[in-house]
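Reproduced below: run-v6.cif, with mmCIF, C-alpha atoms (C1' of nucleotides).
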```cif
data_target
loop_
_atom_site.label_atom_id
_atom_site.label_comp_id
_atom_site.auth_asym_id
_atom_site.auth_seq_id
_atom_site.Cartn_x
_atom_site.Cartn_y
_atom_site.Cartn_z
CA MET X 1 -12.53 33.18 7.54
CA LYS X 2 -10.65 29.88 7.58
CA LYS X 3 -11.13 27.61 4.63
CA SER X 4 -12.80 24.27 5.30
CA PRO X 5 -10.90 21.02 4.65
CA GLU X 6 -13.29 20.38 1.76
CA LYS X 7 -12.50 23.73 0.09
CA ARG X 8 -8.77 23.19 0.55
CA ILE X 9 -8.93 19.74 -1.03
CA ALA X 10 -10.97 21.07 -3.96
CA THR X 11 -8.35 23.76 -4.53
CA LEU X 12 -5.58 21.21 -4.17
CA TYR X 13 -7.13 19.11 -6.94
CA ARG X 14 -7.34 22.07 -9.31
CA VAL X 15 -3.69 22.88 -8.69
CA LEU X 16 -2.53 19.30 -9.17
CA ARG X 17 -4.63 18.76 -12.28
CA ASP X 18 -3.33 21.98 -13.83
CA HIS X 19 0.18 20.80 -13.08
CA PHE X 20 0.06 17.12 -14.05
CA GLY X 21 -2.94 17.00 -16.41
CA PHE X 22 -5.77 14.45 -16.25
CA GLN X 23 -4.25 11.04 -15.56
CA HIS X 24 -6.69 8.51 -17.11
CA TRP X 25 -6.06 6.02 -14.30
CA TRP X 26 -5.67 3.11 -13.41
CA PRO X 27 -2.75 1.96 -15.57
CA GLY X 28 -4.02 -1.36 -16.93
CA GLU X 29 -5.67 -2.61 -20.09
CA THR X 30 -8.49 -4.70 -18.62
CA ARG X 31 -10.63 -4.85 -15.49
CA PHE X 32 -8.92 -8.06 -14.52
CA GLU X 33 -5.46 -6.52 -14.89
CA ILE X 34 -6.55 -3.66 -12.62
CA VAL X 35 -7.85 -6.03 -9.95
CA VAL X 36 -4.64 -8.08 -10.01
CA GLY X 37 -2.47 -4.95 -10.04
CA ALA X 38 -4.31 -3.55 -7.03
CA LEU X 39 -3.29 -6.56 -5.00
CA LEU X 40 0.24 -6.90 -6.35
CA THR X 41 1.10 -3.27 -5.62
CA GLN X 42 0.77 -3.81 -1.87
CA ASN X 43 3.91 -2.28 -0.35
CA CYS X 44 6.00 -2.45 -3.49
CA ALA X 45 7.13 -0.14 -6.27
CA TRP X 46 4.87 0.01 -9.32
CA SER X 47 7.82 -0.83 -11.60
CA ASN X 48 7.90 -4.26 -9.93
CA VAL X 49 4.17 -4.73 -10.56
CA GLU X 50 4.82 -4.02 -14.24
CA LYS X 51 7.36 -6.85 -14.35
CA ALA X 52 4.89 -9.26 -12.79
CA ILE X 53 2.07 -8.19 -15.14
CA ALA X 54 4.41 -8.70 -18.09
CA ASN X 55 5.25 -12.19 -16.79
CA LEU X 56 1.56 -13.03 -16.46
CA LYS X 57 0.83 -11.79 -19.97
CA ALA X 58 3.74 -13.78 -21.42
CA ALA X 59 2.41 -16.87 -19.65
CA ARG X 60 -1.08 -16.12 -21.07
CA SER X 61 -2.38 -16.17 -17.49
CA LEU X 62 -3.79 -12.66 -17.14
CA SER X 63 -7.42 -13.72 -17.16
CA LEU X 64 -9.64 -14.98 -14.36
CA GLY X 65 -10.00 -18.51 -15.71
CA ALA X 66 -6.37 -18.92 -16.71
CA MET X 67 -5.03 -17.66 -13.40
CA GLN X 68 -7.38 -19.87 -11.42
CA ARG X 69 -6.18 -22.90 -13.35
CA LEU X 70 -2.53 -22.04 -12.68
CA PRO X 71 -0.96 -24.20 -9.94
CA ARG X 72 0.49 -22.22 -7.05
CA GLY X 73 3.99 -23.37 -7.97
CA GLU X 74 3.62 -21.76 -11.39
CA LEU X 75 1.99 -18.53 -10.21
CA GLU X 76 4.58 -17.78 -7.51
CA PRO X 77 7.58 -17.25 -9.83
CA LEU X 78 5.52 -15.04 -12.17
CA ILE X 79 4.64 -12.53 -9.43
CA ARG X 80 7.94 -12.87 -7.60
CA PRO X 81 9.20 -9.38 -8.62
CA THR X 82 6.51 -7.75 -6.46
CA GLY X 83 7.88 -9.29 -3.27
CA TYR X 84 5.92 -11.25 -0.60
CA PHE X 85 5.17 -13.64 -3.46
CA ARG X 86 4.00 -16.54 -1.27
CA GLN X 87 1.53 -14.34 0.63
CA LYS X 88 0.37 -12.63 -2.54
CA THR X 89 -0.22 -15.95 -4.32
CA GLU X 90 -2.50 -17.01 -1.44
CA ARG X 91 -4.24 -13.63 -1.39
CA LEU X 92 -4.81 -13.68 -5.14
CA SER X 93 -6.21 -17.18 -4.97
CA ARG X 94 -8.72 -16.23 -2.27
CA LEU X 95 -9.73 -13.05 -4.10
CA LEU X 96 -10.24 -14.80 -7.42
CA SER X 97 -12.28 -17.57 -5.79
CA PHE X 98 -14.52 -14.97 -4.17
CA LEU X 99 -15.04 -13.06 -7.42
CA ALA X 100 -15.63 -16.16 -9.56
CA ASP X 101 -17.46 -18.50 -7.19
CA ASP X 102 -19.42 -16.13 -4.95
CA LEU X 103 -20.06 -13.24 -7.35
CA HIS X 104 -19.91 -15.17 -10.64
CA TRP X 105 -17.75 -12.46 -12.18
CA ASP X 106 -16.52 -13.34 -15.65
CA GLY X 107 -13.37 -11.23 -15.38
CA VAL X 108 -14.51 -8.69 -17.96
CA SER X 109 -17.95 -7.19 -17.31
CA SER X 110 -18.93 -5.07 -14.32
CA LEU X 111 -20.88 -6.49 -11.38
CA ARG X 112 -24.42 -5.75 -10.24
CA HIS X 113 -23.58 -5.67 -6.58
CA ASP X 114 -24.32 -3.04 -3.95
CA THR X 115 -21.12 -1.03 -3.30
CA VAL X 116 -21.35 -1.02 0.50
CA ARG X 117 -21.89 -4.77 0.61
CA PHE X 118 -19.23 -5.38 -2.06
CA ARG X 119 -16.72 -3.40 0.02
CA ARG X 120 -17.61 -5.26 3.20
CA GLU X 121 -17.19 -8.60 1.47
CA LEU X 122 -13.80 -7.65 0.00
CA LEU X 123 -12.59 -6.47 3.41
CA ALA X 124 -13.66 -9.78 4.93
CA LEU X 125 -11.12 -11.57 2.71
CA SER X 126 -7.78 -12.17 4.41
CA GLY X 127 -5.13 -10.11 2.64
CA ILE X 128 -7.53 -7.45 1.32
CA GLY X 129 -7.27 -4.31 3.43
CA PRO X 130 -8.98 -0.96 2.85
CA GLU X 131 -6.61 0.41 0.21
CA THR X 132 -6.68 -2.76 -1.89
CA ALA X 133 -10.47 -3.09 -1.56
CA ASP X 134 -11.05 0.53 -2.52
CA SER X 135 -8.63 0.34 -5.48
CA ILE X 136 -10.53 -2.69 -6.77
CA LEU X 137 -13.90 -0.97 -6.25
CA CYS X 138 -12.96 2.41 -7.73
CA TYR X 139 -10.72 1.45 -10.63
CA GLY X 140 -11.84 -2.13 -11.30
CA PHE X 141 -15.59 -1.65 -10.90
CA ASP X 142 -16.13 2.11 -11.31
CA ARG X 143 -17.56 2.59 -7.82
CA LYS X 144 -17.50 6.02 -6.20
CA VAL X 145 -15.03 5.14 -3.47
CA PHE X 146 -11.91 7.19 -2.71
CA VAL X 147 -8.61 5.36 -2.34
CA VAL X 148 -6.43 6.51 0.57
CA ASP X 149 -2.77 5.52 0.42
CA THR X 150 0.59 6.32 1.99
CA TYR X 151 1.00 9.39 -0.19
CA THR X 152 -2.41 10.75 0.84
CA LYS X 153 -1.58 10.41 4.53
CA ARG X 154 1.91 11.85 4.13
CA MET X 155 0.60 14.79 2.12
CA LEU X 156 -2.14 15.54 4.67
CA SER X 157 0.32 15.41 7.56
CA ARG X 158 2.22 18.26 5.89
CA LEU X 159 -0.75 20.43 4.92
CA PRO X 160 -2.98 22.66 7.04
CA ILE X 161 -5.99 20.37 6.58
CA ALA X 162 -7.67 19.27 9.80
CA VAL X 163 -8.61 15.59 9.68
CA ALA X 164 -7.97 12.54 11.86
CA ASP X 165 -5.23 10.32 10.42
CA ASP X 166 -7.16 7.04 10.30
CA TYR X 167 -8.16 5.54 6.94
CA GLU X 168 -11.93 5.87 7.24
CA SER X 169 -11.92 9.51 8.37
CA ILE X 170 -9.76 10.49 5.42
CA ARG X 171 -11.78 8.44 2.92
CA ILE X 172 -15.06 9.97 4.09
CA LEU X 173 -13.65 13.51 3.96
CA PHE X 174 -12.42 13.05 0.39
CA GLU X 175 -15.64 11.37 -0.75
CA ARG X 176 -17.73 14.19 0.75
CA THR X 177 -15.46 16.73 -0.93
CA ILE X 178 -15.77 15.15 -4.36
CA GLN X 179 -19.56 14.97 -4.03
CA ASP X 180 -20.13 18.42 -2.50
CA GLU X 181 -17.32 20.64 -3.82
CA MET X 182 -16.43 18.95 -7.10
CA ASP X 183 -18.39 17.35 -9.93
CA GLY X 184 -18.94 14.04 -8.11
CA THR X 185 -18.18 11.89 -11.16
CA ILE X 186 -16.36 8.57 -11.05
CA ASP X 187 -13.66 10.12 -13.25
CA THR X 188 -12.95 12.64 -10.49
CA PHE X 189 -12.83 9.92 -7.81
CA LYS X 190 -10.24 8.16 -9.95
CA ASP X 191 -8.25 11.25 -10.91
CA LEU X 192 -7.95 12.83 -7.46
CA HIS X 193 -6.20 9.74 -6.11
CA ALA X 194 -4.07 9.53 -9.27
CA GLN X 195 -3.00 13.18 -8.86
CA ILE X 196 -1.95 12.55 -5.27
CA VAL X 197 0.17 9.59 -6.33
CA MET X 198 1.80 11.75 -9.02
CA LEU X 199 2.54 14.40 -6.40
CA GLY X 200 3.82 11.76 -4.00
CA LYS X 201 6.15 10.10 -6.46
CA GLN X 202 7.67 13.36 -7.59
CA TYR X 203 7.63 15.61 -4.54
CA CYS X 204 6.50 13.69 -1.48
CA ARG X 205 8.73 10.67 -1.02
CA LYS X 206 10.30 10.06 2.37
CA SER X 207 13.66 11.10 1.00
CA THR X 208 12.49 14.23 -0.87
CA PRO X 209 14.52 16.92 0.91
CA ARG X 210 12.81 20.13 -0.19
CA CYS X 211 10.88 21.29 -3.18
CA ASP X 212 10.52 24.93 -4.15
CA ASP X 213 9.06 23.73 -7.44
CA CYS X 214 6.36 21.57 -5.80
CA PRO X 215 3.03 22.86 -7.16
CA LEU X 216 1.45 22.93 -3.69
CA PHE X 217 4.26 25.06 -2.32
CA ARG X 218 4.21 27.40 -5.29
CA GLU X 219 0.46 27.90 -4.95
CA ARG X 220 0.87 28.52 -1.21
CA LEU X 221 -1.30 25.55 -0.24
CA CYS X 222 1.64 24.36 1.73
CA ARG X 223 3.76 26.73 3.79
CA ARG X 224 6.66 24.34 4.16
CA ARG X 225 9.29 23.79 1.56
CA ARG X 226 8.86 20.10 2.13
CA VAL X 227 5.39 18.86 1.24
"C1'" DG O 1 24.74 -2.21 2.51
"C1'" DA O 2 20.92 0.67 3.95
"C1'" DC O 3 16.75 2.54 2.74
"C1'" DC O 4 12.52 2.76 0.35
"C1'" DA O 5 8.29 1.42 -2.37
"C1'" DG O 6 0.66 3.08 -4.30
"C1'" DG O 7 -0.20 -3.02 2.64
"C1'" DC O 8 -1.82 -6.35 5.57
"C1'" DA O 9 -2.32 -9.59 9.45
"C1'" DC O 10 -1.04 -10.86 13.75
"C1'" DA O 11 1.32 -10.67 18.41
"C1'" DT O 12 2.08 -8.15 22.40
"C1'" DC O 13 1.66 -4.76 25.81
"C1'" DG N 1 -6.08 0.93 21.02
"C1'" DA N 2 -1.37 1.84 20.00
"C1'" DT N 3 2.89 -0.17 18.61
"C1'" DG N 4 6.04 -3.66 16.68
"C1'" DT N 5 7.10 -7.38 13.41
"C1'" DG N 6 7.15 -10.63 9.40
"C1'" DC N 7 6.48 -10.94 4.72
"C1'" DA N 8 10.53 -10.38 -0.04
"C1'" DT N 9 11.86 -8.19 -4.36
"C1'" DG N 10 14.25 -4.55 -7.04
"C1'" DG N 11 15.86 0.32 -7.62
"C1'" DT N 12 18.71 4.15 -5.72
#
```

Final structure tokens representation of the file:
Amino acid sequence: MKKSPEKRIATLYRVLRDHFGFQHWWPGETRFEIVVGALLTQNCAWSNVEKAIANLKAARSLSLGAMQRLPRGELEPLIRPTGYFRQKTERLSRLLSFLADDLHWDGVSSLRHDTVRFRRELLALSGIGPETADSILCYGFDRKVFVVDTYTKRMLSRLPIAVADDYESIRILFERTIQDEMDGTIDTFKDLHAQIVMLGKQYCRKSTPRCDDCPLFRERLCRRRRV
DNA sequence: GACCAGGCACATC
DNA sequence: GATGTGCATGGT
């Protein structure tokens, strides 16, 4: 009998977690840092986000109030290493206004806000797409939402797992899997995505030629040498 | 110098 | 609805 996509993903998680260990994600010391990092990492290497975060910390601007008080001309150079710095300054400004003015978030505590509605409101903001919204929800506010990213799509395209390649189909499949085939905890929502990023960075970049030592290949989850 | 990295919005067909 | 393009920096 053929294994269902859900069973395959559950197995995949066990293999990755055995290989990489639990990841304790998201990298970031505070909720606010996670929210900002989620936006800054849009189409750029995480090492560049780290530079920007360090700049913000040095400028004592890595808090909701401080960043909102910062003039655009002072914020732009701080986040410049992440690229698209003019767009990202605008996007950050809109996001922070929404969180502070509409939701009255203090930048530290969690929010009493229905997850479905919270997601819809984030997605309505210009510059917040599904991956950024879901990263904010899952890692910033501990909501049981699965984050789909480039690595997830690339990995799936190279595995025998039948699923449409649009964002929502993949998200729903992974969320159903975590609830039905795994323990369904927020830690698992966070760690499954983290494991896939670890796999992606090490074995699943565009330029990765082949990988006999890739854990998915070794465990025969993937028949190709290139995951 | 080309290519890539934990996206997104918008134009065009 | 699919496909192309602009946005911009830093590492390889």

Find the residues of chain X that sit at most 6 Å from chain N; for each, write down the nearest two atoms and how far apart they are in Å, to one decimal. Count only C-alpha atoms (C1' of nucleotides). Sort by chain, then by number going up, and give it as a Markdown table.
```
| residue | atom | partner | partner_atom | distance |
| --- | --- | --- | --- | --- |
| X:Pro81 | CA | N:DT9 | C1' | 5.2 |
| X:Thr82 | CA | N:DT9 | C1' | 5.8 |
| X:Gly83 | CA | N:DT9 | C1' | 4.3 |
| X:Tyr84 | CA | N:DA8 | C1' | 4.7 |
```

Task: Result set of the PyMOL selection byres ((chain X) within 10 of (chain O)) on the coordinates above, as a PyMOL selection string - done: chain X and resi 38-48+87+126-132+135+147-152+193-194+196-198+200-201+205-207

Open item on the list: Just to confirm, what's the straight-line distance from CA of Thr11 (chain X) to CA of Arg143 (chain X) in Å (one decimal)?
Closed with: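 These two atoms are separated by 23.3 Å.
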
TODO: One decimal, Å: what's the distance from CA of Leu199 (chain X) over to CA of Met155 (chain X), could you say?
DONE: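 CA of Leu199 (chain X) sits 8.7 Å away from CA of Met155 (chain X).
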
TODO: Work out how far apart CA of Leu64 (chain X) and CA of Trp105 (chain X) are and give it in Å to one decimal.
DONE: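 Computing the Euclidean distance for CA of Leu64 (chain X) and CA of Trp105 (chain X) yields 8.8 Å.
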
- [ ] List the neighbours of Lys7 (chain X) out to 9 Å using only C-alpha atoms (C1' of nucleotides); skip same-chain residues closer than 5 positions along the sequence, and give me the result as a VMD selection string.
- [x] chain X and resid 12 177 181
